[in-house]
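Have a look at protein-v3.txt below; it lists compact mmCIF, C-alpha atoms.
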```txt
# COMPACT_ATOMS: atom_id res chain seq x y z
CA MET W 702 106.53 94.31 77.90
CA CYS W 703 104.92 97.32 76.25
CA GLU W 704 104.27 100.29 78.48
CA GLU W 705 100.68 101.00 79.40
CA PRO W 706 98.95 104.15 78.10
CA TRP W 707 98.95 105.88 81.47
CA VAL W 708 96.32 108.56 81.88
CA TRP W 709 97.30 109.56 85.43
CA GLN W 710 100.46 109.13 87.46
CA ARG W 711 101.31 110.38 90.93
CA GLU W 712 103.96 109.84 93.58
CA TRP W 713 103.90 110.52 97.30
CA VAL W 714 106.42 110.31 100.10
CA VAL W 715 104.63 109.86 103.42
CA PRO W 716 105.99 109.68 106.97
CA SER W 717 105.74 106.40 108.88
CA ARG W 718 102.89 107.57 111.04
CA SER W 719 99.59 105.82 111.58
CA GLY W 720 97.04 107.16 109.11
CA ALA W 721 99.64 108.98 107.00
CA GLY W 722 98.56 107.02 103.92
CA SER W 723 95.00 108.36 103.99
CA PRO W 724 95.59 111.20 101.48
CA VAL W 725 97.10 108.65 99.06
CA LEU W 726 94.03 106.47 99.28
CA GLU W 727 91.64 109.38 98.96
CA GLU W 728 93.31 110.70 95.82
CA LEU W 729 93.67 107.28 94.21
CA LEU W 730 90.06 106.31 94.89
CA ALA W 731 88.83 109.68 93.62
CA GLN W 732 90.70 109.11 90.34
CA LEU W 733 89.24 105.62 89.97
CA GLU W 734 85.72 106.84 90.74
CA GLN W 735 86.11 109.69 88.29
CA LYS W 736 87.00 107.15 85.62
CA ASN W 737 83.99 105.02 86.51
CA TRP W 738 85.73 101.95 87.90
CA GLY W 739 83.22 99.54 89.42
CA GLN W 740 82.44 99.33 93.12
CA HIS W 741 83.92 95.85 93.50
CA ASP W 742 87.18 96.96 91.89
CA LEU W 743 87.24 100.05 94.11
CA PHE W 744 86.70 97.95 97.23
CA GLY W 745 89.52 95.55 96.32
CA ILE W 746 91.98 98.30 95.36
CA HIS W 747 91.13 100.21 98.53
CA LEU W 748 91.66 97.14 100.70
CA ALA W 749 94.89 96.04 99.01
CA THR W 750 96.39 99.54 99.09
CA GLU W 751 95.40 100.02 102.73
CA GLU W 752 97.03 96.71 103.66
CA ALA W 753 100.22 97.54 101.72
CA LEU W 754 100.46 100.98 103.34
CA VAL W 755 99.91 99.61 106.85
CA ASN W 756 102.51 96.89 106.24
CA ALA W 757 105.05 99.48 105.06
CA ILE W 758 104.39 102.04 107.78
CA ARG W 759 103.90 99.71 110.74
CA HIS W 760 105.91 96.58 109.94
CA GLY W 761 108.46 97.83 107.37
CA ASN W 762 109.40 101.14 108.94
CA GLY W 763 108.25 100.28 112.46
CA LEU W 764 106.30 103.57 112.82
CA ASP W 765 109.65 105.40 112.79
CA GLU W 766 108.74 108.87 111.52
CA GLN W 767 112.32 109.42 110.39
CA LYS W 768 111.67 106.77 107.76
CA HIS W 769 109.40 107.31 104.81
CA VAL W 770 107.17 105.30 102.56
CA ARG W 771 107.21 106.04 98.85
CA VAL W 772 104.03 105.37 96.92
CA ALA W 773 103.66 105.53 93.14
CA CYS W 774 100.33 105.06 91.37
CA SER W 775 99.76 104.81 87.63
CA LEU W 776 96.37 104.56 86.02
CA ALA W 777 95.59 103.36 82.50
CA PRO W 778 92.05 102.95 81.12
CA ASP W 779 91.89 99.32 82.21
CA LEU W 780 94.78 98.92 84.66
CA VAL W 781 95.98 100.45 87.89
CA ARG W 782 99.51 99.91 89.20
CA ILE W 783 100.42 100.74 92.79
CA GLU W 784 103.96 100.56 94.14
CA VAL W 785 104.68 100.87 97.86
CA ALA W 786 108.28 100.95 99.13
CA ASP W 787 109.54 101.30 102.69
CA GLU W 788 112.98 101.74 104.25
CA GLY W 789 112.81 98.61 106.36
CA GLN W 790 114.93 95.48 106.15
CA GLY W 791 112.26 93.68 104.17
CA PHE W 792 110.79 90.24 104.72
CA ASP W 793 110.11 87.01 102.90
CA PRO W 794 106.44 87.05 101.89
CA GLY W 795 106.68 83.31 101.20
CA ALA W 796 107.46 82.71 104.88
CA ILE W 797 104.15 84.14 106.10
CA PRO W 798 102.05 81.22 107.39
CA ASP W 799 98.85 80.46 105.49
CA PRO W 800 96.19 82.22 107.60
CA THR W 801 93.53 79.80 106.34
CA ASP W 802 95.27 76.74 107.81
CA PRO W 803 93.05 75.49 110.63
CA GLU W 804 95.86 75.97 113.13
CA ASN W 805 96.23 79.63 112.11
CA LEU W 806 92.56 80.45 111.67
CA ASP W 807 92.22 82.20 115.02
CA ALA W 808 95.51 84.11 114.79
CA PRO W 809 94.71 87.84 114.98
CA THR W 810 97.27 88.85 112.32
CA GLY W 811 98.73 87.62 109.03
CA ARG W 812 95.86 88.17 106.55
CA GLY W 813 96.94 91.37 104.81
CA ILE W 814 99.08 89.86 102.06
CA MET W 815 96.52 87.16 101.36
CA LEU W 816 93.85 89.83 100.88
CA MET W 817 96.16 91.83 98.61
CA ARG W 818 96.75 88.77 96.44
CA SER W 819 93.05 87.91 96.39
CA PHE W 820 91.78 91.30 95.29
CA MET W 821 94.58 92.33 92.91
CA THR W 822 95.55 90.79 89.58
CA ARG W 823 99.27 90.80 90.38
CA VAL W 824 101.27 91.28 93.59
CA ASP W 825 105.07 91.10 93.39
CA TYR W 826 107.69 91.86 96.02
CA ASN W 827 111.29 92.75 95.27
CA ALA W 828 114.01 90.36 96.46
CA THR W 829 114.56 92.33 99.67
CA GLY W 830 110.87 92.37 100.48
CA ASN W 831 110.59 96.10 101.15
CA ARG W 832 108.86 97.09 97.91
CA VAL W 833 105.62 95.69 96.52
CA VAL W 834 104.11 96.29 93.10
CA MET W 835 100.43 95.54 92.71
CA GLU W 836 98.31 95.67 89.59
CA LYS W 837 94.60 95.40 89.12
CA GLN W 838 92.99 94.78 85.74
CA ARG W 839 89.68 96.56 85.43
CA HIS W 840 86.70 94.25 85.39
CA SER W 841 83.91 94.83 82.92
CA PRO W 842 80.60 95.27 84.68
CA SER W 843 79.35 91.80 85.44
CA SER W 844 75.98 90.60 84.27
CA VAL W 845 74.82 90.88 87.88
CA GLU W 846 75.89 94.52 88.09
CA GLN W 847 74.37 95.29 84.70
CA ALA W 848 71.10 93.79 85.85
CA GLY W 849 71.24 96.02 88.93
CA LEU W 850 71.27 93.05 91.26
CA SER W 851 74.56 93.64 93.00
CA MET R 1096 80.15 103.10 132.39
CA PRO R 1097 82.68 104.71 130.00
CA ARG R 1098 81.06 106.43 127.04
CA GLN R 1099 81.22 104.44 123.82
CA GLN R 1100 82.90 106.37 121.01
CA ARG R 1101 82.87 103.79 118.27
CA LEU R 1102 79.87 101.61 119.12
CA ASP R 1103 76.14 101.86 119.74
CA VAL R 1104 75.18 99.23 122.28
CA SER R 1105 71.64 98.09 123.05
CA GLU R 1106 69.95 95.12 124.67
CA VAL R 1107 67.30 92.82 123.30
CA GLY R 1108 66.36 90.62 126.23
CA ASP R 1109 69.61 89.16 127.53
CA VAL R 1110 71.40 89.69 124.20
CA THR R 1111 73.70 92.65 123.64
CA VAL R 1112 73.46 94.11 120.14
CA VAL R 1113 76.35 96.23 118.88
CA HIS R 1114 76.20 98.60 115.91
CA PHE R 1115 79.31 100.32 114.58
CA ARG R 1116 79.35 104.09 114.27
CA ASP R 1117 82.15 104.12 111.71
CA GLN R 1118 81.25 103.29 108.15
CA ARG R 1119 84.90 102.44 107.53
CA ILE R 1120 86.74 100.46 110.22
CA ILE R 1121 90.15 101.25 108.91
CA GLU R 1122 92.02 103.98 110.77
CA ASP R 1123 94.51 102.69 113.33
CA LEU R 1124 93.27 104.67 116.32
CA GLY R 1125 89.67 103.84 115.46
CA ILE R 1126 90.43 100.13 115.37
CA GLN R 1127 92.24 100.28 118.71
CA GLU R 1128 89.32 102.13 120.31
CA MET R 1129 86.78 99.79 118.73
CA GLY R 1130 88.70 96.82 120.13
CA GLN R 1131 88.91 98.30 123.63
CA GLU R 1132 85.19 99.11 123.66
CA LEU R 1133 84.28 95.61 122.47
CA PHE R 1134 86.62 93.93 124.96
CA ARG R 1135 85.18 96.05 127.79
CA LEU R 1136 81.69 94.70 127.08
CA VAL R 1137 82.95 91.20 127.78
CA GLU R 1138 85.68 91.67 130.37
CA GLU R 1139 84.25 94.46 132.54
CA GLU R 1140 80.52 94.33 131.91
CA GLY R 1141 80.32 90.54 131.74
CA ARG R 1142 78.10 90.38 128.66
CA LYS R 1143 77.93 86.82 127.36
CA LYS R 1144 75.56 86.95 124.40
CA LEU R 1145 76.69 89.39 121.76
CA ILE R 1146 75.58 90.25 118.24
CA LEU R 1147 77.75 92.52 116.10
CA ASN R 1148 75.52 94.13 113.49
CA PHE R 1149 77.58 95.25 110.47
CA SER R 1150 74.73 96.92 108.56
CA SER R 1151 76.45 100.33 108.65
CA VAL R 1152 79.93 99.05 107.81
CA GLY R 1153 81.12 99.41 104.22
CA PHE R 1154 84.80 98.71 104.70
CA LEU R 1155 87.16 97.06 107.15
CA SER R 1156 90.80 96.05 107.06
CA SER R 1157 92.66 92.98 108.29
CA ALA R 1158 93.59 94.84 111.49
CA ALA R 1159 89.88 95.12 112.30
CA LEU R 1160 89.47 91.41 111.62
CA GLY R 1161 92.19 90.79 114.19
CA LYS R 1162 90.18 92.63 116.85
CA LEU R 1163 87.09 90.56 116.05
CA ILE R 1164 89.11 87.35 116.40
CA THR R 1165 90.48 88.46 119.76
CA LEU R 1166 86.95 89.39 120.87
CA ASP R 1167 85.69 85.95 119.84
CA LYS R 1168 88.40 84.34 121.99
CA LYS R 1169 87.50 86.51 124.98
CA VAL R 1170 83.78 85.73 124.62
CA LYS R 1171 84.45 81.99 124.38
CA ALA R 1172 86.80 82.13 127.38
CA LYS R 1173 83.91 83.54 129.43
CA GLY R 1174 81.55 80.84 128.19
CA GLY R 1175 79.68 83.30 125.98
CA VAL R 1176 78.49 83.35 122.38
CA LEU R 1177 79.29 85.87 119.64
CA LYS R 1178 77.34 86.22 116.39
CA LEU R 1179 77.87 88.51 113.43
CA CYS R 1180 75.09 89.69 111.13
CA SER R 1181 74.07 92.01 108.28
CA ILE R 1182 77.46 91.87 106.57
CA LYS R 1183 77.62 93.51 103.14
CA PRO R 1184 78.64 91.23 100.22
CA GLU R 1185 82.10 92.78 99.71
CA ILE R 1186 82.95 92.40 103.39
CA TYR R 1187 81.51 88.92 103.50
CA GLU R 1188 83.93 88.12 100.66
CA VAL R 1189 86.80 89.15 102.96
CA PHE R 1190 85.52 86.75 105.63
CA ALA R 1191 85.16 83.99 103.04
CA ILE R 1192 88.62 84.49 101.49
CA THR R 1193 90.26 84.33 104.90
CA ARG R 1194 87.95 81.43 105.93
CA LEU R 1195 86.79 83.45 108.90
CA ASP R 1196 83.26 82.58 107.82
CA ARG R 1197 84.11 79.22 109.42
CA LEU R 1198 85.41 80.72 112.65
CA PHE R 1199 82.50 83.09 113.24
CA SER R 1200 78.80 82.41 113.44
CA ILE R 1201 77.49 84.71 110.69
CA LYS R 1202 73.76 85.32 110.24
CA LYS R 1203 71.88 87.10 107.48
CA ASP R 1204 70.30 89.75 109.69
CA GLU R 1205 69.71 90.70 113.31
CA SER R 1206 66.44 88.83 113.71
CA GLU R 1207 68.06 85.63 112.46
CA ALA R 1208 70.97 86.14 114.83
CA LEU R 1209 68.62 86.76 117.79
CA ALA R 1210 66.59 83.68 116.95
CA ASP R 1211 69.77 81.60 116.93
CA PHE R 1212 70.47 82.08 120.65
```
Could I get this structure in the form of structure tokens?
Amino acid sequence: MCEEPWVWQREWVVPSRSGAGSPVLEELLAQLEQKNWGQHDLFGIHLATEEALVNAIRHGNGLDEQKHVRVACSLAPDLVRIEVADEGQGFDPGAIPDPTDPENLDAPTGRGIMLMRSFMTRVDYNATGNRVVMEKQRHSPSSVEQAGLS
Amino acid sequence: MPRQQRLDVSEVGDVTVVHFRDQRIIEDLGIQEMGQELFRLVEEEGRKKLILNFSSVGFLSSAALGKLITLDKKVKAKGGVLKLCSIKPEIYEVFAITRLDRLFSIKKDESEALADF
């Protein structure tokens, strides 16, 4: 696989505290906006990154502030890659029940990973399940957006 | 009545209409407070006809969806009815992906939601 022509790369180490991922999101979204990524892409990247950060901080590290979450973002002209790693024991993403099954539809949790997979081009976990790599291919403005109808 | 921090609550006839003060329902504390304020409307104030108007909301996470699902259960348990309205396209997509558009009664705007009671 050839390496992408990254135009911006950044790493953070954040404590496992509620809201600690906000500066990561703010900086990432500012970079994407500066490079004129579309609103739909921004929404999806925001949502997927938020879900990954909450999963790492709350579920992976159990809100233990002695544990940290490492985030790495790389931005190419048409691709963003976001890696989120926690210090938890990991989990099997394949074992998460399908939240759209009728029997799970009214469960209050369990939708984060599904949303990440829906809005990103690629979502891969390591074997342990404590590191996720997500990629989003930039969408060209759709005909709807170009027509100003979105 | 405790002061609402996250919601603006009004009445139209016997229907309670809720607007959200936060444009982004994302931050953990904010979601917890939003949930408590919504639950209070049902459990302590006994409101049975509710409309959640999302016109000001541009972003919400799955944790916020969880609070809405719990609210829906509480409303149904009291024999009430909950309707959602004025949801922006990106957020509606989140409801559709997770099939929550089938769980909730979602209307185009507030007048349509009011007319549906």
(message) Given the point (89.5, 92.3, 120.0) in the coordinates of this file, which residues lie within 8 Å, counting only C-alpha atoms, and how would they look as a list in words?
(response)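 Collected hits near the coordinates: Gly1130, Gln1131, Leu1133, Phe1134, Gly1161, Lys1162, Leu1163, Ile1164, Thr1165, Leu1166, Asp1167 and Lys1169 of chain R.
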(request) Go through R:Val1112, R:Val1152, R:Ala1172, R:Leu1179 one by one, measure the shortest atom-to-atom distance of each to Lys1202 of chain R using all atoms listed in the file, and give the residue with the smallest value. (result) R:Leu1179
(request) Work out how far apart atom CA of Ile814 of chain W and atom CA of Ile746 of chain W are and give it in Å to one decimal. (result) 12.9 Å
(message) List the spatial neighbours of Asn1148 of chain R as number ranges by chain - criterion: any atom at most 6 Å away, all atoms listed in the file, same-chain residues fewer than 5 positions off excluded.
(response) R: 1113-1114, 1180-1181
(request) Counting only C-alpha atoms, collect the residues of chain R whose closest atom lies at most 10 Å from chain W, and write them out as number ranges by chain. (result) R: 1121-1124, 1153-1168, 1184-1186, 1189, 1191-1195, 1197-1199
Filtering to C-alpha atoms, could you give me those residues as a PDB file, in the coordinates of the input?
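Dumped everything to part_20.pdb:
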```pdb
ATOM      1  CA  ILE R1121      90.150 101.250 108.910  1.00  0.00           C
ATOM      2  CA  GLU R1122      92.020 103.980 110.770  1.00  0.00           C
ATOM      3  CA  ASP R1123      94.510 102.690 113.330  1.00  0.00           C
ATOM      4  CA  LEU R1124      93.270 104.670 116.320  1.00  0.00           C
ATOM      5  CA  GLY R1153      81.120  99.410 104.220  1.00  0.00           C
ATOM      6  CA  PHE R1154      84.800  98.710 104.700  1.00  0.00           C
ATOM      7  CA  LEU R1155      87.160  97.060 107.150  1.00  0.00           C
ATOM      8  CA  SER R1156      90.800  96.050 107.060  1.00  0.00           C
ATOM      9  CA  SER R1157      92.660  92.980 108.290  1.00  0.00           C
ATOM     10  CA  ALA R1158      93.590  94.840 111.490  1.00  0.00           C
ATOM     11  CA  ALA R1159      89.880  95.120 112.300  1.00  0.00           C
ATOM     12  CA  LEU R1160      89.470  91.410 111.620  1.00  0.00           C
ATOM     13  CA  GLY R1161      92.190  90.790 114.190  1.00  0.00           C
ATOM     14  CA  LYS R1162      90.180  92.630 116.850  1.00  0.00           C
ATOM     15  CA  LEU R1163      87.090  90.560 116.050  1.00  0.00           C
ATOM     16  CA  ILE R1164      89.110  87.350 116.400  1.00  0.00           C
ATOM     17  CA  THR R1165      90.480  88.460 119.760  1.00  0.00           C
ATOM     18  CA  LEU R1166      86.950  89.390 120.870  1.00  0.00           C
ATOM     19  CA  ASP R1167      85.690  85.950 119.840  1.00  0.00           C
ATOM     20  CA  LYS R1168      88.400  84.340 121.990  1.00  0.00           C
ATOM     21  CA  PRO R1184      78.640  91.230 100.220  1.00  0.00           C
ATOM     22  CA  GLU R1185      82.100  92.780  99.710  1.00  0.00           C
ATOM     23  CA  ILE R1186      82.950  92.400 103.390  1.00  0.00           C
ATOM     24  CA  VAL R1189      86.800  89.150 102.960  1.00  0.00           C
ATOM     25  CA  ALA R1191      85.160  83.990 103.040  1.00  0.00           C
ATOM     26  CA  ILE R1192      88.620  84.490 101.490  1.00  0.00           C
ATOM     27  CA  THR R1193      90.260  84.330 104.900  1.00  0.00           C
ATOM     28  CA  ARG R1194      87.950  81.430 105.930  1.00  0.00           C
ATOM     29  CA  LEU R1195      86.790  83.450 108.900  1.00  0.00           C
ATOM     30  CA  ARG R1197      84.110  79.220 109.420  1.00  0.00           C
ATOM     31  CA  LEU R1198      85.410  80.720 112.650  1.00  0.00           C
ATOM     32  CA  PHE R1199      82.500  83.090 113.240  1.00  0.00           C
TER      33      PHE R1199
END
```
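Proximity to Ile1146 of chain R was assessed for R:Arg1119, R:Lys1178, R:Arg1101, R:Lys1173 counting only C-alpha atoms; the smallest distance is recorded for R:Lys1178.
One distance worth recording is that between atom CA of His840 of chain W and atom CA of Val725 of chain W, which is 22.4 Å.
Nearest residue to Gly795 of chain W among W:Val781, W:Asp742, W:Glu766, W:Ala828 is W:Ala828, counting only C-alpha atoms.
Residues with any atom within 7 Å of Val708 of chain W, counting all atoms listed in the file and excluding same-chain neighbours fewer than 2 positions away, are Pro706, Gln710, Leu776 and Ala777 of chain W.
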Export of the given selection (C-alpha atoms) as a short mmCIF file (atom, residue, chain, number, x, y, z; two decimals), keeping the file's coordinate frame:
```
data_model
loop_
_atom_site.label_atom_id
_atom_site.label_comp_id
_atom_site.auth_asym_id
_atom_site.auth_seq_id
_atom_site.Cartn_x
_atom_site.Cartn_y
_atom_site.Cartn_z
CA PRO W 706 98.95 104.15 78.10
CA GLN W 710 100.46 109.13 87.46
CA LEU W 776 96.37 104.56 86.02
CA ALA W 777 95.59 103.36 82.50
#
```
(message) From the options R:Val1110, R:Met1129, R:Ile1182, R:Leu1209, which residue's atoms come nearest to Lys1144 of chain R, counting all atoms listed in the file?
(response) R:Val1110
Show me, as JSON, the centre and edge lengths in Å to one decimal of the axis-aligned box that covers every listed atom of segment 734-741 of chain W with 6 Å on each side.
```
{"center_x": 84.7, "center_y": 102.8, "center_z": 89.6, "size_x": 16.6, "size_y": 25.8, "size_z": 19.9}
```
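We find atom CA of Gln790 of chain W and atom CA of Leu754 of chain W to be spaced 15.7 Å apart.
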(request) Determine the nearest neighbour of Phe1212 of chain R from the options R:Ser1200, R:Gln1127, R:Ser1105, R:Gln1118, counting all atoms listed in the file. (result)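 Checking each candidate against Phe1212 of chain R, we get R:Ser1200 as the closest.
Near segment 1139-1142 of chain R, within a cut-off of 10 Å and counting all atoms listed in the file, sit the residues Met1096, Asp1109, Val1110, Thr1111, Val1170, Lys1173, Gly1175 and Val1176 of chain R, with same-chain residues fewer than 6 positions away left out.
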(request) Could you tell me which of W:Val772, W:Leu733, W:Ile758, W:Ile783 comes closest to Asp825 of chain W if we count only C-alpha atoms? (result)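 Ranking W:Val772, W:Leu733, W:Ile758, W:Ile783 by distance to Asp825 of chain W, first place goes to W:Ile783.
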